[in-house]
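**Student:** This is the content of run21.pdb (PDB, C-alpha atoms and all ligand atoms):
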```pdb
ATOM      1  CA  MET R   1      -8.361 -28.422  69.094  1.00  0.00           C
ATOM      2  CA  PRO R   2      -5.097 -28.439  71.049  1.00  0.00           C
ATOM      3  CA  ARG R   3      -5.031 -30.593  74.144  1.00  0.00           C
ATOM      4  CA  LYS R   4      -4.177 -29.064  77.473  1.00  0.00           C
ATOM      5  CA  VAL R   5      -1.763 -30.701  79.910  1.00  0.00           C
ATOM      6  CA  LEU R   6      -1.280 -29.631  83.514  1.00  0.00           C
ATOM      7  CA  ILE R   7       2.325 -30.256  84.587  1.00  0.00           C
ATOM      8  CA  VAL R   8       2.782 -30.421  88.339  1.00  0.00           C
ATOM      9  CA  GLU R   9       6.444 -30.543  89.267  1.00  0.00           C
ATOM     10  CA  ASP R  10       8.366 -28.592  91.890  1.00  0.00           C
ATOM     11  CA  ASN R  11      11.714 -29.163  90.194  1.00  0.00           C
ATOM     12  CA  ARG R  12      12.058 -26.266  87.791  1.00  0.00           C
ATOM     13  CA  ASP R  13      14.421 -27.950  85.343  1.00  0.00           C
ATOM     14  CA  ASN R  14      12.171 -30.990  85.009  1.00  0.00           C
ATOM     15  CA  ARG R  15       9.078 -28.834  84.683  1.00  0.00           C
ATOM     16  CA  GLU R  16      10.546 -26.555  82.034  1.00  0.00           C
ATOM     17  CA  LEU R  17      11.845 -29.506  80.022  1.00  0.00           C
ATOM     18  CA  VAL R  18       8.416 -31.159  79.928  1.00  0.00           C
ATOM     19  CA  VAL R  19       6.721 -27.866  79.039  1.00  0.00           C
ATOM     20  CA  LYS R  20       9.153 -27.279  76.188  1.00  0.00           C
ATOM     21  CA  VAL R  21       8.761 -30.777  74.745  1.00  0.00           C
ATOM     22  CA  LEU R  22       4.965 -30.691  74.894  1.00  0.00           C
ATOM     23  CA  LYS R  23       4.674 -27.157  73.519  1.00  0.00           C
ATOM     24  CA  ASN R  24       6.814 -28.213  70.576  1.00  0.00           C
ATOM     25  CA  LYS R  25       4.233 -30.926  69.884  1.00  0.00           C
ATOM     26  CA  GLY R  26       1.377 -28.439  69.919  1.00  0.00           C
ATOM     27  CA  TYR R  27       0.030 -28.985  73.412  1.00  0.00           C
ATOM     28  CA  LEU R  28      -1.210 -26.182  75.604  1.00  0.00           C
ATOM     29  CA  THR R  29       0.556 -26.338  78.940  1.00  0.00           C
ATOM     30  CA  VAL R  30      -0.347 -25.171  82.406  1.00  0.00           C
ATOM     31  CA  GLU R  31       2.129 -25.403  85.268  1.00  0.00           C
ATOM     32  CA  ALA R  32       1.879 -25.873  89.013  1.00  0.00           C
ATOM     33  CA  VAL R  33       4.720 -26.058  91.524  1.00  0.00           C
ATOM     34  CA  ASP R  34       2.985 -27.529  94.585  1.00  0.00           C
ATOM     35  CA  GLY R  35      -0.051 -29.569  95.543  1.00  0.00           C
ATOM     36  CA  GLU R  36      -2.311 -26.662  96.351  1.00  0.00           C
ATOM     37  CA  GLU R  37      -1.590 -24.913  93.085  1.00  0.00           C
ATOM     38  CA  ALA R  38      -2.188 -28.233  91.319  1.00  0.00           C
ATOM     39  CA  ILE R  39      -5.734 -28.403  92.688  1.00  0.00           C
ATOM     40  CA  GLU R  40      -6.411 -24.748  91.842  1.00  0.00           C
ATOM     41  CA  LYS R  41      -5.129 -25.060  88.283  1.00  0.00           C
ATOM     42  CA  ALA R  42      -6.878 -28.379  87.700  1.00  0.00           C
ATOM     43  CA  LEU R  43     -10.243 -26.907  88.694  1.00  0.00           C
ATOM     44  CA  ALA R  44      -9.734 -23.632  86.821  1.00  0.00           C
ATOM     45  CA  GLU R  45      -8.160 -24.975  83.620  1.00  0.00           C
ATOM     46  CA  LYS R  46      -9.909 -28.318  83.104  1.00  0.00           C
ATOM     47  CA  PRO R  47      -6.849 -30.008  81.554  1.00  0.00           C
ATOM     48  CA  ASP R  48      -7.095 -33.079  79.312  1.00  0.00           C
ATOM     49  CA  LEU R  49      -4.335 -34.758  81.331  1.00  0.00           C
ATOM     50  CA  ILE R  50      -2.459 -34.084  84.562  1.00  0.00           C
ATOM     51  CA  LEU R  51       1.188 -35.095  84.855  1.00  0.00           C
ATOM     52  CA  LEU R  52       1.689 -35.194  88.602  1.00  0.00           C
ATOM     53  CA  ASP R  53       4.913 -35.389  90.570  1.00  0.00           C
ATOM     54  CA  ILE R  54       4.627 -37.358  93.819  1.00  0.00           C
ATOM     55  CA  SER R  55       7.003 -35.452  96.109  1.00  0.00           C
ATOM     56  CA  LEU R  56       5.555 -31.957  96.249  1.00  0.00           C
ATOM     57  CA  PRO R  57       5.315 -29.150  98.813  1.00  0.00           C
ATOM     58  CA  LYS R  58       2.017 -28.630 100.667  1.00  0.00           C
ATOM     59  CA  LEU R  59       0.015 -31.594  99.349  1.00  0.00           C
ATOM     60  CA  ASP R  60       1.849 -34.543  97.828  1.00  0.00           C
ATOM     61  CA  GLY R  61       0.863 -36.202  94.577  1.00  0.00           C
ATOM     62  CA  TYR R  62      -1.124 -38.941  96.307  1.00  0.00           C
ATOM     63  CA  GLU R  63      -3.255 -36.383  98.125  1.00  0.00           C
ATOM     64  CA  VAL R  64      -3.807 -34.337  94.964  1.00  0.00           C
ATOM     65  CA  ALA R  65      -4.878 -37.441  93.030  1.00  0.00           C
ATOM     66  CA  ARG R  66      -7.185 -38.567  95.814  1.00  0.00           C
ATOM     67  CA  LEU R  67      -8.867 -35.151  96.045  1.00  0.00           C
ATOM     68  CA  LEU R  68      -9.351 -34.819  92.280  1.00  0.00           C
ATOM     69  CA  LYS R  69     -10.500 -38.412  91.778  1.00  0.00           C
ATOM     70  CA  GLY R  70     -13.072 -37.833  94.507  1.00  0.00           C
ATOM     71  CA  ARG R  71     -14.800 -35.431  92.130  1.00  0.00           C
ATOM     72  CA  GLU R  72     -17.151 -36.547  89.414  1.00  0.00           C
ATOM     73  CA  ASP R  73     -15.739 -34.096  86.858  1.00  0.00           C
ATOM     74  CA  PHE R  74     -12.264 -35.668  87.080  1.00  0.00           C
ATOM     75  CA  GLN R  75     -13.238 -39.299  86.608  1.00  0.00           C
ATOM     76  CA  ASP R  76     -12.297 -39.196  82.926  1.00  0.00           C
ATOM     77  CA  VAL R  77      -9.242 -36.957  83.249  1.00  0.00           C
ATOM     78  CA  PRO R  78      -6.093 -39.111  83.236  1.00  0.00           C
ATOM     79  CA  ILE R  79      -3.760 -38.388  86.139  1.00  0.00           C
ATOM     80  CA  VAL R  80      -0.306 -39.752  85.427  1.00  0.00           C
ATOM     81  CA  ALA R  81       2.311 -40.057  88.163  1.00  0.00           C
ATOM     82  CA  PHE R  82       5.599 -38.459  87.240  1.00  0.00           C
ATOM     83  CA  THR R  83       7.997 -40.350  89.414  1.00  0.00           C
ATOM     84  CA  ALA R  84      11.570 -41.451  89.799  1.00  0.00           C
ATOM     85  CA  HIS R  85      10.426 -44.437  91.850  1.00  0.00           C
ATOM     86  CA  ALA R  86      10.399 -47.326  89.438  1.00  0.00           C
ATOM     87  CA  MET R  87      10.084 -50.171  91.897  1.00  0.00           C
ATOM     88  CA  LYS R  88       7.165 -52.498  91.382  1.00  0.00           C
ATOM     89  CA  GLY R  89       5.665 -51.643  94.770  1.00  0.00           C
ATOM     90  CA  ASP R  90       5.658 -47.948  93.943  1.00  0.00           C
ATOM     91  CA  ARG R  91       3.936 -48.577  90.629  1.00  0.00           C
ATOM     92  CA  GLU R  92       1.228 -50.566  92.373  1.00  0.00           C
ATOM     93  CA  LYS R  93       0.848 -47.811  94.914  1.00  0.00           C
ATOM     94  CA  VAL R  94       0.179 -45.116  92.314  1.00  0.00           C
ATOM     95  CA  ILE R  95      -2.370 -47.273  90.478  1.00  0.00           C
ATOM     96  CA  VAL R  96      -4.163 -48.129  93.720  1.00  0.00           C
ATOM     97  CA  ALA R  97      -4.147 -44.422  94.625  1.00  0.00           C
ATOM     98  CA  GLY R  98      -6.230 -43.654  91.537  1.00  0.00           C
ATOM     99  CA  PHE R  99      -3.609 -42.671  88.991  1.00  0.00           C
ATOM    100  CA  GLU R 100      -4.159 -43.980  85.451  1.00  0.00           C
ATOM    101  CA  GLY R 101      -0.447 -44.714  85.063  1.00  0.00           C
ATOM    102  CA  TYR R 102       3.020 -43.366  85.492  1.00  0.00           C
ATOM    103  CA  ILE R 103       5.853 -41.847  83.498  1.00  0.00           C
ATOM    104  CA  SER R 104       9.344 -42.385  84.877  1.00  0.00           C
ATOM    105  CA  LYS R 105      11.899 -39.718  85.611  1.00  0.00           C
ATOM    106  CA  PRO R 106      14.343 -38.815  84.225  1.00  0.00           C
ATOM    107  CA  VAL R 107      12.043 -37.977  81.349  1.00  0.00           C
ATOM    108  CA  ASN R 108      12.747 -39.507  77.956  1.00  0.00           C
ATOM    109  CA  ILE R 109      12.059 -36.560  75.666  1.00  0.00           C
ATOM    110  CA  ARG R 110      11.628 -38.768  72.608  1.00  0.00           C
ATOM    111  CA  GLU R 111       9.070 -40.981  74.297  1.00  0.00           C
ATOM    112  CA  LEU R 112       7.184 -38.387  76.320  1.00  0.00           C
ATOM    113  CA  PRO R 113       4.841 -37.062  73.587  1.00  0.00           C
ATOM    114  CA  ASN R 114       3.714 -40.590  72.677  1.00  0.00           C
ATOM    115  CA  GLN R 115       3.228 -41.512  76.314  1.00  0.00           C
ATOM    116  CA  ILE R 116       1.073 -38.428  76.885  1.00  0.00           C
ATOM    117  CA  LYS R 117      -0.917 -39.075  73.724  1.00  0.00           C
ATOM    118  CA  SER R 118      -1.584 -42.685  74.738  1.00  0.00           C
ATOM    119  CA  PHE R 119      -3.005 -41.686  78.103  1.00  0.00           C
ATOM    120  CA  ILE R 120      -5.176 -38.973  76.561  1.00  0.00           C
ATOM    121  CA  ARG R 121      -6.486 -41.599  74.132  1.00  0.00           C
ATOM    122  CA  GLY R 122      -7.449 -43.871  76.984  1.00  0.00           C
ATOM    123  CA  LYS R 123      -4.431 -45.956  77.960  1.00  0.00           C
ATOM    124  CA  ARG R 124      -4.797 -47.260  81.502  1.00  0.00           C
ATOM    125  CA  GLU R 125      -2.171 -49.226  83.373  1.00  0.00           C
ATOM    126  CA  SER R 126      -3.092 -52.059  85.680  1.00  0.00           C
ATOM    127  CA  ILE R 127      -1.489 -53.313  88.877  1.00  0.00           C
ATOM    128  CA  LEU R 128      -0.301 -56.445  87.118  1.00  0.00           C
ATOM    129  CA  GLY R 129       1.932 -54.348  84.889  1.00  0.00           C
ATOM    130  CA  GLY R 130      -0.095 -54.815  81.739  1.00  0.00           C
ATOM    131  CA  GLU R 131      -2.094 -52.227  79.932  1.00  0.00           C
ATOM    132  CA  GLU R 132      -5.760 -51.823  79.247  1.00  0.00           C
ATOM    133  CA  GLU R 133      -7.056 -49.686  76.440  1.00  0.00           C
TER     134      GLU R 133
HETATM  135 MN    MN D   1       9.138 -33.211  93.502  1.00  0.00          MN
END
```
In structure tokens, how does this file's structure come out?

**Tutor:**
Amino acid sequence: MPRKVLIVEDNRDNRELVVKVLKNKGYLTVEAVDGEEAIEKALAEKPDLILLDISLPKLDGYEVARLLKGREDFQDVPIVAFTAHAMKGDREKVIVAGFEGYISKPVNIRELPNQIKSFIRGKRESILGGEEE
């Protein structure tokens, strides 16, 4: 059964690029352009993974992650930060906020499908920078 990914990104070029790459790999994609729409689509579509931009209109990515991770039905849904911030402190911040990991922008279109697959299969990043399966 095809996996469904919710892509939350207010930058249209970034969003359309990710959608195109994932569709080519057989994923179903759902899109949201702000934090409120992200919550609505997450609840309605029950995605297998949420790729979540941090800087978003209405609610930011931290707020969206906090709200969804406060729900029992999203405990096992990986929420991956989609962020241009690659500093160590920012990485720690997204993990502490409840994200399962992060994917850096600009997106590497060759790596993206494998990164998404790994998180769907249970990859979890830790604050120390290592990975836990
Ligand atoms: Mn943004």

**Student:** Kindly provide, as a count of residues only, all nucleotide and amino acid residues lying within 7 Å of ligand MN 1 (chain D), counting all atoms listed in the file.

**Tutor:** 7

**Student:** Of the candidates R:Glu111, R:Glu31, R:Glu100, R:Glu36, which shows the shortest atom-to-atom distance to R:Val19, using all atoms listed in the file?

**Tutor:** R:Glu31

**Student:** Got a sec: who's within 12 Å of R:Val64, counting all atoms listed in the file, leaving out chain neighbours fewer than 4 positions off, as a ChimeraX atom specification?

**Tutor:** /R:8,32,34-43,50-60,68-71,74,79-81,94,97-99

**Student:** Write out the residues from the selection above, keeping C-alpha atoms, as a CSV table (one decimal), in the frame of the given file.

**Tutor:**
```csv
chain,number,residue,atom,x,y,z
R,8,VAL,CA,2.8,-30.4,88.3
R,32,ALA,CA,1.9,-25.9,89.0
R,34,ASP,CA,3.0,-27.5,94.6
R,35,GLY,CA,-0.1,-29.6,95.5
R,36,GLU,CA,-2.3,-26.7,96.4
R,37,GLU,CA,-1.6,-24.9,93.1
R,38,ALA,CA,-2.2,-28.2,91.3
R,39,ILE,CA,-5.7,-28.4,92.7
R,40,GLU,CA,-6.4,-24.7,91.8
R,41,LYS,CA,-5.1,-25.1,88.3
R,42,ALA,CA,-6.9,-28.4,87.7
R,43,LEU,CA,-10.2,-26.9,88.7
R,50,ILE,CA,-2.5,-34.1,84.6
R,51,LEU,CA,1.2,-35.1,84.9
R,52,LEU,CA,1.7,-35.2,88.6
R,53,ASP,CA,4.9,-35.4,90.6
R,54,ILE,CA,4.6,-37.4,93.8
R,55,SER,CA,7.0,-35.5,96.1
R,56,LEU,CA,5.6,-32.0,96.2
R,57,PRO,CA,5.3,-29.2,98.8
R,58,LYS,CA,2.0,-28.6,100.7
R,59,LEU,CA,0.0,-31.6,99.3
R,60,ASP,CA,1.8,-34.5,97.8
R,68,LEU,CA,-9.4,-34.8,92.3
R,69,LYS,CA,-10.5,-38.4,91.8
R,70,GLY,CA,-13.1,-37.8,94.5
R,71,ARG,CA,-14.8,-35.4,92.1
R,74,PHE,CA,-12.3,-35.7,87.1
R,79,ILE,CA,-3.8,-38.4,86.1
R,80,VAL,CA,-0.3,-39.8,85.4
R,81,ALA,CA,2.3,-40.1,88.2
R,94,VAL,CA,0.2,-45.1,92.3
R,97,ALA,CA,-4.1,-44.4,94.6
R,98,GLY,CA,-6.2,-43.7,91.5
R,99,PHE,CA,-3.6,-42.7,89.0
```

**Student:** Work out how far atom CA of R:Val30 is from atom CA of R:Ala44, in Å to one decimal.

**Tutor:**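 So the two atoms, atom CA of R:Ala44 and atom CA of R:Val30, lie 10.5 Å apart.
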
**Student:** Atom CA of R:Lys93 to atom CA of R:Lys20: how many Å, to one decimal?

**Tutor:** 29.0 Å
